[in-house]
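Peer 1: Please find one structure pasted underneath; my questions will follow.
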Amino acid sequence: MGSGKYSMPSDGETRDSRWIAVSPVALLVESAKALAHTFRRLVRRGSFTVQYPEESLSPKKGYRGEHFLKRDSKGRVKCVACFMCAAACPAKCITIEAGKAPPEWTDREKYPVRFEIDLLRCIYCGMCEEACPVDAIALSGTFPIVAESRKEKVYDRDKLLVLGDNFGDKISVVP
Amino acid sequence: MSGQAAESKGSDGQEGSARHGGAGQGPVLCADGRPGVRIRVNGKDYVVHKHRNLLDALDEIGVTIPRFCYHPGLSPAGNCRMCYVTLADPKTGRPIMAQNLATMREEPKLFTACTTPLSDGLIVETDNEAVRRGRELVMEFLLINHPLDCPVCDKAGECVLQNYAFQHGRDRSRFVEKKVEKPSKVLGPNLLLWTDRCIKCTRCIRFLEEIAGTPELAMINRGDHSEIDAAPGHPVSGPMTCNVVDICPVGALLDPDFLYAARVWMLQRTSSVCPGCSKGCNIGIHHLPQQFLDSGKGAIKRIVPRTNQRVNGYWMCDIGRRVHKHVSDEGRLKGAIVDGKPASVEEACEAAGRRLAEAARDRPGSVVGIASAWMTVEEMWLFERLICEAIGGKAIGILAAPKVPDIDMPGFRISGDRNPNRAGARLVLGDAAAEVDSDVVIAAARDGAAVSAFVSCGIPGFAPPADLAKTLSNMGLLVVLDTVESELSRRAHIVLPGSAFFEKDGVYINERGIVQRIARAVPPPAGAREDVEILQLIMKAAVGAESSAAAGDLGASGAGIAGGGRRGVGCHEGDKQGGAVGGGGGAEGGDANAHGAEAQKDSRGEKMILSAREIFARLAAERAELAGMTYDSIGESGSPIVQSSKGGA
Amino acid sequence: MPLDLIGKLAVILIVFGGPMALMPMLVFLERKVCAFIQDRIGPNRVGLLGPDGLDEAILGKSLLGRRLLGGFLQPMADGIKLLFKEDIIPENAKPVPYVFAPVFAMVPPLLALAVIPFAAPVRLFGAEIPIHVSDPGIGVLFVLAVLALSPFGTVMGGWGSGSKYPLLGSLRAVAQVVSYGVCMGLALLAILMSAGTLRISEIVAAQSGGIGDWLVWSQPVAFLLFLACAFAENNRLPFDMPEGEPDLVGGYHTEYSSMKFSMFFLGEYVAMIAASAVMVTLFLGGWSFPGIKSDGSLLMSALSFAVFWAKVLVLLFLYIWVRWTLPRFRFDQIMRLGWAVMIPIGLINLAVTAVFVTAR
């Protein structure tokens with residue numbers, strides 16, 4: 001029987017179904033090949049699994065993690081509350097409230113009284129960073145994004161500033 | 001020129017342009033029959049009205065050319081040079097040329113459209129190479145000393161300079177020198193100046209001269225150093241100051257009240273009418289949509305004038321701009337109070353209706369209702385139904401803010417009658433009721449041996465005269481519907497939290513008889529309700545409390561308002577209301593259609609509350625002055641009341 | 001006599017207890033093999049006292065040890081989890097078939113084990129104890145009958161669930177069993193013809209001469225057919241149409257949870273063990289192996305027992321290996337393969353066998 005010329009009625013079924021019916025030898029051979037392939041994988045050492053809590057991947061360049069706010073040379077928040085990030089944000093997750101800058105800030109009229117990012121709504125697209133005219137906001141390479149409550153994932157101005165302080169220049173930011 | 005421009009534009013009208021086929025014989029007429037002028041713009045012939053200059057004519061035919069200094073409400077200055085066009089000789093059709101002093105070549109001469117008088121046969125080009133290049137160079141010049149601080153400028157998003165820089169400007173500046181920096185100034189309590197951003201269009205100077213009549217601003221210094229300033233010790237303090245913020249094409253002049261409050265692209269705009277006085281200026285309410293609201297600050301960020309030649313031209317006063325402050329007032333009533341104890345609005349309305357109806361039954365004529373000139377006509381109509389029919393009391397008079405002298409300026413008048421709807425009260429409640437002052441109210445209350453009163457106030461900051469307050473507090477039952485806590489509400493037995501001006505739909509009629517719509521921009525605070533809803537709830541309770549045959553007549557289904565209205569207007573209403581209202585009231589003995597509408601309404605059940613729009617439909621069907629009007633026909637520009645017959649209820 | 005009885009009871013215990021003890025290991029093996037084939041690590045968290053716990057102390061920190069055996073208590077954890085899940089009987093279910101279906105899935109394969117000799121008979125206290133529960137003269141028929149019963153669990157479950165996907169799954173199961181049952185019978189017929197007996201102990205004895213005597217050499221086609229049919233009857237990939245997740249959610253066990261689900265789950269593995277045991281017995285010489293003599297000594301019996309289970313394990317590994325290698329067939333492909341390919345091959349094989357047997 002083997003690879004005989006067994007012709008099936010052509011009723012529109014796809015080629016592969018006919019292939020199985022026509023050539024059981026081919027089926028066996030191909031199956032054997034496949035089995036050999038998987039067996040090679042089986043005995044091969046190493047795996048792609050990362051044992052997450054013990055080890056973690058270092059984010060590649062261009063990875064966009066949670067945001068941080070930068071400070072200027074005098075340690076003040078760099079943001080000028082222009083709302084460009086909020087306007088650019090496709091997820092509408094940035095809430096800003098602008099205020100008059102303290103009078104001693106001679107070079108600045110406006111600053112954010114309130115600056116909140118709801119990271120649960122954020123889609124980490126980085127548009128805020130693109131939109132910022134004063135380079136005040138950036139996305140860090142922070143890998144873990146977990147939190148124990150929803151509230152925890154709403155980052156306010158001070159938390160974002162502290163994140164910036166912690167990361168400093170070490171963070172890989174979107175090029 | 002003064003305010004002539006604003007007021008005279010009204011008679012001109014903007015519509016009615018027509019293509020003009022060729023050289024006509026005799027006087028040239030526009031499509032609307034008025035005399036016109038033939039012009040040829042970019043190769044097409046038009047007939048336009050006789051405007052005072054070419055720029056207005058081009059606006060009429062929809063060829064918009066950029067301008068900074070020109071404003072239709074002000075005299076043309078021709079100093080920004082942005083509205084360049086080229087002209088051709090009407091006889092030869094050749095462009096008018098001039099020598100370019102830089103290249104010494106003949107080039108088409110650029111004219112400013114705002115200072116070019118309109119004459120018959122003018123041949124204009126608005127978009128050729130010379131014009132485009134001219135505008136580009138103007139933009140480059142204007143941007144030389146402009147700080148380009150759009151991110152922190154409150155004007156960004158509605159800035160003329162920003163838009164034109166995008167449409168007509170170069171993509172970069174060739175200016176490498178240091179920009180001139182000038183300090184910001186406080187020009188007055190309602191006016192800040194960012195001197196850097198100014199492009200010296202002088203709109204503000206001309207406005208204060210021509211419209212406000214207080215020439216407080218002037219241009220000082222020369223060249224790069226020229227800047228707007230007020231005389232030392234004389235801050236800009238007139239009641240029209242903030243208009244210069246609106247007409248400032250850049251972010252140089254700013255209103256401290258709106259400073260950093262929001263970015264303009266976040267604002268929603270609701271068209272309404274200013275409640276500040278009986279002039280009824282058309283306004284746009286700019287407020288933050290709900291998604292941006294989570295701080296304690298109010299949603300309404302600013303109020304700007306809407307152009308309406310029939311009413312206010314292009315302007316409004318600063319009093320009106322601040323009128324929204326009471327909406328987010330801390331003293332807002334946020335819940336009903338019955339005998340000093342908090343209650344739900346439903347409970348309070350039920351108690352008010354029941355107790356007022358009982359008082360009227362026990363001592364006929366002892367219940368008085370006092371409306372206010374801040375109520376919409378819908379609320380007044382409901383109010384009258386409620387007091388006179390559902391309760392069986394007397395509706396007397398209105399509360400009104402006291403009159404002050406008019407403020408007359410060369411181009412604008414602020415009415416001294418600080419009540420937006422006194423004309424509406426006259427129409428709905430009758431001349432007598434509308435004219436009575438609070439003194440008369442006191443007298444009436446005293447004479448009528450009134451023991452119960454229902455007062456609807458809604459006037460922000462209204463302080464009742466001492467004797468009125470005293471008279472009212474001696475009442476056996478005082479029900480007050482108000483928005484802000486006041487002397488009245490403190491003395492009331494039942495307090496009902498109503499909605500403020502920006503939280504409801506309705507119709508106001510201004511001092512000149514223009515019927516205009518106000519619109520709801522923000523929802524009432526939690527706990528408060530729309531006034532029409534509260535009045536209808538009371539009406540239901542009052543009707544329900546009557547155990548007489550009348551109650552059965554009104555229907556236990558509780559469509560209180562429909563019932564009340566029907567009974568009140570009586571016999572003549574049966575004929576005309578059915579058709580006009582369309583599915584509204586329906587006559588008792590009416591045709592099958594009316595019955596159908598009735599059945600549908602009943603099946604909707606107990607909870608039916610009419611909206612202001614539906615109430616107005618009933619009112620319009622009832623009053624000849626409002627005949628044929630609907631919310632849609634009134635639209636955003638209002639419509640004058642029908643003058644055929646006089647009279648009210 | 002009581003000694004006989006005790007011996008029998010002990011055998012029964014071994015025969016039925018052995019597969020049960022094997023099952024957790026099998027589950028673990030399945031998960032590990034699957035993981036390795038896919039370049040993963042597989043379960044490695046549930047060991048003794050966690051990933052850094054005792055098992056690491058025992059196995060050492062070597063990667064190989066951790067890769068191979070870390071997390072070996074995972075099946076236990078799975079079992080406990082399943083036990084504590086809510087036991088749901090759907091509203092539309094027919095309670096009797098719904099409840100008894102998992103039992104049916106589990107019992108027939110265990111019964112099949114009853115006629116399999118697991119080891120060489122042992123002589124203890126003067127009595128010869130055969131290490132199988134029973135050795136009927138129609139052993140092969142019994143195996144065939146009992147194995148054909150096991151899909152009834154699937155059918156009952158699918159029908160009794162009162163839900164469309166399980167019903168579709170059970171319909172497929174019926175079609176598959178009917179198709180491949182025929183083929184399996186044909187393969188067995190060929191064996192019977194060459195062995196000349198239905199008694200399983202005699203078939204084993206006929207193969208005990210050496211590896212060359214194993215029937216797999218004389219009947220390779222029958223072996224392959226039987227293997228494929230066993231896969232199909234056990235609903236193992238590539239023949240797991242009755243529970244095809246992409247099209248049937250979970251197939252016949254969609255509506256099952258908790259203990260009932262775990263019985264289906266375990267039933268599948270028991271069926272695998274039973275089918276492997278049958279194949280070892282019929283084709284691979286049973287417990288026999290060169291060097292192992294059936295002399296009744298305890299040592300030889302134990303060795304033969306180990307040999308038997310080693311062979312079974314090889315086949316079980318084959319099951320797992322195939323599952324994670326071959327994709328699922330489409331239903332029409334399965335039917336075509338069964339009726340248009342395998343049954344003709346089985347018939348030809350039968351005819352050829354008949355010719356050879358007659359000629360011998």
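Residue numbering restarts at 1 for every chain of the structure tokens, chains are lettered A, B, ... in their displayed order, and ligands are numbered from 1 as they appear.
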Near stretch 174-187 of chain B, within 6 Å and counting only C-alpha atoms, which residues show up once chain neighbours fewer than 6 positions away are dropped, as number ranges by chain?

Peer 2: B: 145, 193-196, 235-236

Peer 1: Those residues you just picked out, can you put them in a file as a short mmCIF file (atom, residue, chain, number, x, y, z; two decimals), in the first residue's frame with N, CA, C and O atoms?

Peer 2:
```cif
data_model
loop_
_atom_site.label_atom_id
_atom_site.label_comp_id
_atom_site.auth_asym_id
_atom_site.auth_seq_id
_atom_site.Cartn_x
_atom_site.Cartn_y
_atom_site.Cartn_z
N ASN B 145 11.06 89.45 18.97
CA ASN B 145 11.17 89.68 20.41
C ASN B 145 10.14 88.93 21.23
O ASN B 145 10.03 89.12 22.43
N LEU B 193 0.08 92.25 32.73
CA LEU B 193 0.72 92.41 31.43
C LEU B 193 2.04 91.65 31.40
O LEU B 193 2.90 91.86 32.24
N TRP B 194 2.16 90.74 30.42
CA TRP B 194 3.45 90.11 30.12
C TRP B 194 4.03 90.92 28.97
O TRP B 194 3.71 90.69 27.80
N THR B 195 4.85 91.88 29.30
CA THR B 195 5.28 92.86 28.33
C THR B 195 6.01 92.22 27.15
O THR B 195 5.87 92.65 26.00
N ASP B 196 6.78 91.17 27.43
CA ASP B 196 7.53 90.46 26.38
C ASP B 196 6.64 89.98 25.25
O ASP B 196 7.02 90.01 24.08
N PRO B 235 -4.05 102.71 38.01
CA PRO B 235 -4.26 101.36 37.47
C PRO B 235 -5.51 101.29 36.60
O PRO B 235 -6.42 102.11 36.74
N VAL B 236 -5.50 100.33 35.69
CA VAL B 236 -6.67 100.11 34.84
C VAL B 236 -7.75 99.49 35.71
O VAL B 236 -7.58 98.37 36.22
#
```

Peer 1: Check stretch 152-203 of chain B with DSSP on the backbone and list each residue it calls strand (DSSP E), as a list in words.

Peer 2: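 Across stretch 152-203 of chain B, those assigned strand (DSSP E) are Lys185, Val186, Leu187, Gly188, Leu191, Leu192 and Leu193 of chain B.
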
Peer 1: Store the residues picked out above, limited to N, CA, C and O atoms, as a PDB file, in the first residue's frame.

Peer 2:
```pdb
ATOM      1  N   LYS B 185       4.117  93.322  34.301  1.00  0.00           N
ATOM      2  CA  LYS B 185       3.555  94.388  35.125  1.00  0.00           C
ATOM      3  C   LYS B 185       2.159  94.007  35.583  1.00  0.00           C
ATOM      4  O   LYS B 185       1.463  93.238  34.923  1.00  0.00           O
ATOM      5  N   VAL B 186       1.769  94.589  36.694  1.00  0.00           N
ATOM      6  CA  VAL B 186       0.376  94.505  37.119  1.00  0.00           C
ATOM      7  C   VAL B 186      -0.269  95.822  36.735  1.00  0.00           C
ATOM      8  O   VAL B 186       0.074  96.869  37.265  1.00  0.00           O
ATOM      9  N   LEU B 187      -1.174  95.778  35.764  1.00  0.00           N
ATOM     10  CA  LEU B 187      -1.750  97.020  35.267  1.00  0.00           C
ATOM     11  C   LEU B 187      -2.976  97.453  36.060  1.00  0.00           C
ATOM     12  O   LEU B 187      -3.392  98.594  36.000  1.00  0.00           O
ATOM     13  N   GLY B 188      -3.557  96.517  36.782  1.00  0.00           N
ATOM     14  CA  GLY B 188      -4.745  96.862  37.534  1.00  0.00           C
ATOM     15  C   GLY B 188      -5.223  95.636  38.290  1.00  0.00           C
ATOM     16  O   GLY B 188      -4.643  94.547  38.132  1.00  0.00           O
ATOM     17  N   LEU B 191      -6.025  93.033  35.700  1.00  0.00           N
ATOM     18  CA  LEU B 191      -5.246  93.024  34.471  1.00  0.00           C
ATOM     19  C   LEU B 191      -3.750  92.870  34.757  1.00  0.00           C
ATOM     20  O   LEU B 191      -3.173  93.621  35.538  1.00  0.00           O
ATOM     21  N   LEU B 192      -3.180  91.845  34.114  1.00  0.00           N
ATOM     22  CA  LEU B 192      -1.735  91.637  34.202  1.00  0.00           C
ATOM     23  C   LEU B 192      -1.144  91.781  32.805  1.00  0.00           C
ATOM     24  O   LEU B 192      -1.802  91.457  31.809  1.00  0.00           O
ATOM     25  N   LEU B 193       0.075  92.249  32.732  1.00  0.00           N
ATOM     26  CA  LEU B 193       0.721  92.405  31.429  1.00  0.00           C
ATOM     27  C   LEU B 193       2.040  91.647  31.395  1.00  0.00           C
ATOM     28  O   LEU B 193       2.904  91.857  32.239  1.00  0.00           O
TER      29      LEU B 193
END
```

Peer 1: Where does chain A meet chain C within 7 Å, residue by residue, with the nearest atom pair and distance in Å to one decimal for each, counting only C-alpha atoms, listed by chain and rising number, as a Markdown table?

Peer 2:
```
| residue | atom | partner | partner_atom | distance |
| --- | --- | --- | --- | --- |
| A:Ser17 | CA | C:Gln333 | CA | 5.7 |
| A:Ala21 | CA | C:Leu337 | CA | 5.8 |
| A:Ala34 | CA | C:Thr325 | CA | 6.3 |
| A:Leu35 | CA | C:Thr325 | CA | 6.0 |
| A:Thr38 | CA | C:Ile37 | CA | 5.6 |
| A:Phe39 | CA | C:Ile37 | CA | 7.0 |
| A:Arg41 | CA | C:Ile37 | CA | 5.1 |
| A:Leu42 | CA | C:Ile37 | CA | 4.5 |
| A:Ser47 | CA | C:Asp39 | CA | 4.7 |
| A:Phe48 | CA | C:Arg40 | CA | 6.0 |
| A:Thr49 | CA | C:Arg40 | CA | 5.5 |
```

Peer 1: Using only C-alpha atoms, what does the table of chain B residues within 6 Å of chain A look like, with each row giving the shortest atom pair and its distance in Å to one decimal, sorted by chain and ascending number, as a tab-separated table?

Peer 2:
```
residue	atom	partner	partner_atom	distance
B:Pro151	CA	A:Cys82	CA	4.7
B:Val152	CA	A:Cys82	CA	5.2
B:Tyr260	CA	A:Ala98	CA	5.7
```

Peer 1: So that I can check the surroundings of stretch 311-317 of chain C, please list as a list in words every protein, DNA and RNA residue that reaches within 6 Å of it, counting only C-alpha atoms and ignoring chain neighbours fewer than 3 positions away.

Peer 2: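 Contacts, with the query itself left out: Ser276, Ala277, Phe308, Ile320 and Trp321 of chain C.
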
Peer 1: Would you write out those residues with N, CA, C and O atoms, as a short mmCIF file (atom, residue, chain, number, x, y, z; two decimals), in the first residue's frame?

Peer 2:
```
data_model
loop_
_atom_site.label_atom_id
_atom_site.label_comp_id
_atom_site.auth_asym_id
_atom_site.auth_seq_id
_atom_site.Cartn_x
_atom_site.Cartn_y
_atom_site.Cartn_z
N SER C 276 -0.31 0.67 27.93
CA SER C 276 1.13 0.36 27.83
C SER C 276 1.39 -1.06 28.33
O SER C 276 2.16 -1.81 27.71
N ALA C 277 0.75 -1.41 29.45
CA ALA C 277 0.96 -2.75 29.99
C ALA C 277 0.52 -3.82 28.99
O ALA C 277 1.19 -4.83 28.79
N PHE C 308 9.32 -5.46 33.64
CA PHE C 308 8.00 -5.16 33.10
C PHE C 308 7.71 -3.66 33.19
O PHE C 308 7.31 -3.01 32.24
N ILE C 320 4.08 10.50 26.16
CA ILE C 320 4.29 11.91 26.51
C ILE C 320 5.06 12.64 25.40
O ILE C 320 4.72 13.73 24.98
N TRP C 321 6.04 11.93 24.93
CA TRP C 321 6.91 12.48 23.89
C TRP C 321 6.08 12.83 22.66
O TRP C 321 6.16 13.93 22.11
#
```

Peer 1: Could you work out how far atom CA of C:Met300 lies from atom CA of C:Ala120, giving the answer in Å with one decimal?

Peer 2: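 Taking atom CA of C:Ala120 as the start and atom CA of C:Met300 as the end point, the length is 7.2 Å.
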
Peer 1: Please provide as a PyMOL selection string all residues within 7 Å of B:Glu511, with the sequence filter that same-chain residues fewer than 4 positions apart are discarded (counting only C-alpha atoms).

Peer 2: chain B and resi 278-279+423

Peer 1: Using only C-alpha atoms, can you tell me which of C:Ile203, C:Ala119, C:Ala354, C:Pro238 comes closest to A:Ser31?

Peer 2: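 Once distances to A:Ser31 are computed over only C-alpha atoms, the minimum belongs to C:Pro238.
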
Peer 1: I need the residue nearest B:Ala299 from this list: B:Ala348, B:Leu267, B:Met539, B:Val377. Use only C-alpha atoms for the distance.

Peer 2: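 Residue with the minimum atom-to-atom distance to B:Ala299: B:Leu267.
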
Peer 1: Can you pull out the residues contacting B:Ser119? Cut-off 10 Å, using only C-alpha atoms, and skip same-chain residues under 2 positions away; I want them as a PyMOL selection string.

Peer 2: chain B and resi 36-39+50-54+116-117+121-123

Peer 1: List as a PyMOL selection string the protein and nucleic acid residues near C:Ala271, meaning an atom at most 12 Å away when only C-alpha atoms are counted, but skip any in the same chain fewer than 3 places from it.

Peer 2: chain C and resi 19-20+23+104-113+143+146-151+153+230-236+263-268+274-278+316+319

Peer 1: Just to confirm, what's the straight-line distance from atom CA of C:Val357 to atom CA of C:Ile191 in Å (one decimal)?

Peer 2: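 Rounded to one decimal, the two atoms are 10.9 Å apart.
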
Peer 1: Using only C-alpha atoms, determine which residues lie at most 6 Å from stretch 476-488 of chain B, disregarding the query and same-chain residues fewer than 5 positions distant; provide the list as a JSON list (two decimals) with all heavy atoms, in the first residue's frame.

Peer 2:
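What follows is the written file out-v2.json:
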```json
[["chain", "number", "residue", "atom", "x", "y", "z"],
["B", 331, "GLY", "N", -21.00, 78.72, 50.89],
["B", 331, "GLY", "CA", -22.31, 78.82, 51.53],
["B", 331, "GLY", "C", -23.43, 78.16, 50.75],
["B", 331, "GLY", "O", -24.59, 78.32, 51.10],
["B", 332, "ARG", "N", -23.07, 77.43, 49.68],
["B", 332, "ARG", "CA", -24.12, 76.79, 48.89],
["B", 332, "ARG", "C", -24.97, 75.88, 49.74],
["B", 332, "ARG", "O", -24.47, 75.13, 50.59],
["B", 332, "ARG", "CB", -23.51, 75.96, 47.76],
["B", 332, "ARG", "CG", -23.28, 76.66, 46.45],
["B", 332, "ARG", "CD", -24.50, 77.31, 45.89],
["B", 332, "ARG", "NE", -25.44, 76.34, 45.30],
["B", 332, "ARG", "CZ", -25.34, 75.93, 44.06],
["B", 332, "ARG", "NH1", -24.38, 76.34, 43.27],
["B", 332, "ARG", "NH2", -26.22, 75.07, 43.57],
["B", 333, "LEU", "N", -26.29, 75.92, 49.52],
["B", 333, "LEU", "CA", -27.17, 74.98, 50.19],
["B", 333, "LEU", "C", -26.98, 73.62, 49.53],
["B", 333, "LEU", "O", -27.12, 73.49, 48.32],
["B", 333, "LEU", "CB", -28.61, 75.43, 50.04],
["B", 333, "LEU", "CG", -28.98, 76.73, 50.76],
["B", 333, "LEU", "CD1", -30.36, 77.18, 50.34],
["B", 333, "LEU", "CD2", -28.92, 76.53, 52.26],
["B", 451, "VAL", "N", -50.02, 84.21, 56.65],
["B", 451, "VAL", "CA", -49.33, 83.50, 57.72],
["B", 451, "VAL", "C", -48.32, 82.51, 57.15],
["B", 451, "VAL", "O", -47.48, 82.00, 57.87],
["B", 451, "VAL", "CB", -50.32, 82.74, 58.62],
["B", 451, "VAL", "CG1", -51.17, 83.73, 59.40],
["B", 451, "VAL", "CG2", -51.19, 81.83, 57.79],
["B", 452, "SER", "N", -48.43, 82.22, 55.85],
["B", 452, "SER", "CA", -47.48, 81.28, 55.26],
["B", 452, "SER", "C", -46.93, 81.89, 53.98],
["B", 452, "SER", "O", -47.65, 82.60, 53.28],
["B", 452, "SER", "CB", -48.16, 79.96, 54.92],
["B", 452, "SER", "OG", -48.85, 79.48, 56.04],
["B", 453, "ALA", "N", -45.67, 81.60, 53.71],
["B", 453, "ALA", "CA", -45.08, 82.17, 52.51],
["B", 453, "ALA", "C", -44.16, 81.15, 51.87],
["B", 453, "ALA", "O", -43.51, 80.35, 52.55],
["B", 453, "ALA", "CB", -44.31, 83.43, 52.84],
["B", 454, "PHE", "N", -44.17, 81.18, 50.55],
["B", 454, "PHE", "CA", -43.22, 80.38, 49.81],
["B", 454, "PHE", "C", -42.35, 81.34, 49.02],
["B", 454, "PHE", "O", -42.85, 82.11, 48.20],
["B", 454, "PHE", "CB", -43.94, 79.42, 48.86],
["B", 454, "PHE", "CG", -42.99, 78.60, 48.03],
["B", 454, "PHE", "CD1", -42.08, 77.74, 48.64],
["B", 454, "PHE", "CD2", -42.99, 78.69, 46.65],
["B", 454, "PHE", "CE1", -41.20, 77.00, 47.88],
["B", 454, "PHE", "CE2", -42.11, 77.95, 45.90],
["B", 454, "PHE", "CZ", -41.22, 77.09, 46.52],
["B", 455, "VAL", "N", -41.09, 81.37, 49.33],
["B", 455, "VAL", "CA", -40.19, 82.33, 48.71],
["B", 455, "VAL", "C", -39.20, 81.60, 47.84],
["B", 455, "VAL", "O", -38.55, 80.65, 48.29],
["B", 455, "VAL", "CB", -39.44, 83.15, 49.77],
["B", 455, "VAL", "CG1", -38.57, 84.19, 49.09],
["B", 455, "VAL", "CG2", -40.40, 83.79, 50.72],
["B", 456, "SER", "N", -39.12, 82.01, 46.60],
["B", 456, "SER", "CA", -38.08, 81.48, 45.72],
["B", 456, "SER", "C", -37.11, 82.61, 45.44],
["B", 456, "SER", "O", -37.50, 83.65, 44.91],
["B", 456, "SER", "CB", -38.72, 80.98, 44.42],
["B", 456, "SER", "OG", -37.71, 80.57, 43.55],
["B", 457, "CYS", "N", -35.89, 82.44, 45.82],
["B", 457, "CYS", "CA", -34.96, 83.56, 45.74],
["B", 457, "CYS", "C", -33.94, 83.35, 44.63],
["B", 457, "CYS", "O", -34.14, 83.80, 43.50],
["B", 457, "CYS", "CB", -34.27, 83.73, 47.09],
["B", 457, "CYS", "SG", -33.14, 85.11, 47.13],
["B", 458, "GLY", "N", -32.90, 82.64, 44.90],
["B", 458, "GLY", "CA", -31.91, 82.35, 43.86],
["B", 458, "GLY", "C", -31.04, 83.51, 43.48],
["B", 458, "GLY", "O", -30.31, 83.46, 42.50],
["B", 493, "HIS", "N", -38.64, 77.66, 57.70],
["B", 493, "HIS", "CA", -38.99, 76.37, 58.29],
["B", 493, "HIS", "C", -38.55, 75.23, 57.38],
["B", 493, "HIS", "O", -38.13, 74.19, 57.83],
["B", 493, "HIS", "CB", -40.49, 76.29, 58.55],
["B", 493, "HIS", "CG", -40.97, 77.34, 59.51],
["B", 493, "HIS", "ND1", -41.57, 78.50, 59.09],
["B", 493, "HIS", "CD2", -40.88, 77.43, 60.85],
["B", 493, "HIS", "CE1", -41.86, 79.24, 60.14],
["B", 493, "HIS", "NE2", -41.45, 78.63, 61.24],
["B", 494, "ILE", "N", -38.76, 75.48, 56.12],
["B", 494, "ILE", "CA", -38.33, 74.46, 55.16],
["B", 494, "ILE", "C", -37.40, 75.13, 54.14],
["B", 494, "ILE", "O", -37.77, 76.14, 53.54],
["B", 494, "ILE", "CB", -39.53, 73.82, 54.43],
["B", 494, "ILE", "CG1", -40.44, 73.12, 55.43],
["B", 494, "ILE", "CG2", -39.04, 72.84, 53.37],
["B", 494, "ILE", "CD1", -41.67, 72.52, 54.82],
["B", 495, "VAL", "N", -36.23, 74.58, 54.00],
["B", 495, "VAL", "CA", -35.27, 75.12, 53.04],
["B", 495, "VAL", "C", -35.08, 74.11, 51.93],
["B", 495, "VAL", "O", -34.85, 72.92, 52.18],
["B", 495, "VAL", "CB", -33.91, 75.42, 53.71],
["B", 495, "VAL", "CG1", -32.94, 75.95, 52.68],
["B", 495, "VAL", "CG2", -34.09, 76.41, 54.84],
["B", 496, "LEU", "N", -35.20, 74.59, 50.70],
["B", 496, "LEU", "CA", -35.02, 73.70, 49.55],
["B", 496, "LEU", "C", -33.80, 74.15, 48.77],
["B", 496, "LEU", "O", -33.70, 75.31, 48.38],
["B", 496, "LEU", "CB", -36.26, 73.75, 48.66],
["B", 496, "LEU", "CG", -37.55, 73.34, 49.37],
["B", 496, "LEU", "CD1", -38.76, 73.80, 48.59],
["B", 496, "LEU", "CD2", -37.57, 71.84, 49.57],
["B", 497, "PRO", "N", -32.86, 73.25, 48.53],
["B", 497, "PRO", "CA", -31.64, 73.63, 47.81],
["B", 497, "PRO", "C", -31.86, 73.63, 46.31],
["B", 497, "PRO", "O", -32.04, 72.58, 45.70],
["B", 497, "PRO", "CB", -30.64, 72.56, 48.22],
["B", 497, "PRO", "CG", -31.48, 71.37, 48.50],
["B", 497, "PRO", "CD", -32.85, 71.83, 48.91],
["B", 498, "GLY", "N", -31.87, 74.78, 45.72],
["B", 498, "GLY", "CA", -32.09, 74.88, 44.28],
["B", 498, "GLY", "C", -30.80, 74.90, 43.51],
["B", 498, "GLY", "O", -29.71, 74.76, 44.06],
["B", 499, "SER", "N", -30.94, 75.10, 42.19],
["B", 499, "SER", "CA", -29.76, 75.11, 41.36],
["B", 499, "SER", "C", -29.41, 76.56, 41.00],
["B", 499, "SER", "O", -30.28, 77.39, 40.80],
["B", 499, "SER", "CB", -30.00, 74.30, 40.09],
["B", 499, "SER", "OG", -31.21, 74.68, 39.51],
["B", 500, "ALA", "N", -28.13, 76.81, 40.92],
["B", 500, "ALA", "CA", -27.69, 78.15, 40.58],
["B", 500, "ALA", "C", -27.82, 78.36, 39.08],
["B", 500, "ALA", "O", -28.13, 77.45, 38.32],
["B", 500, "ALA", "CB", -26.25, 78.35, 41.01]]
```
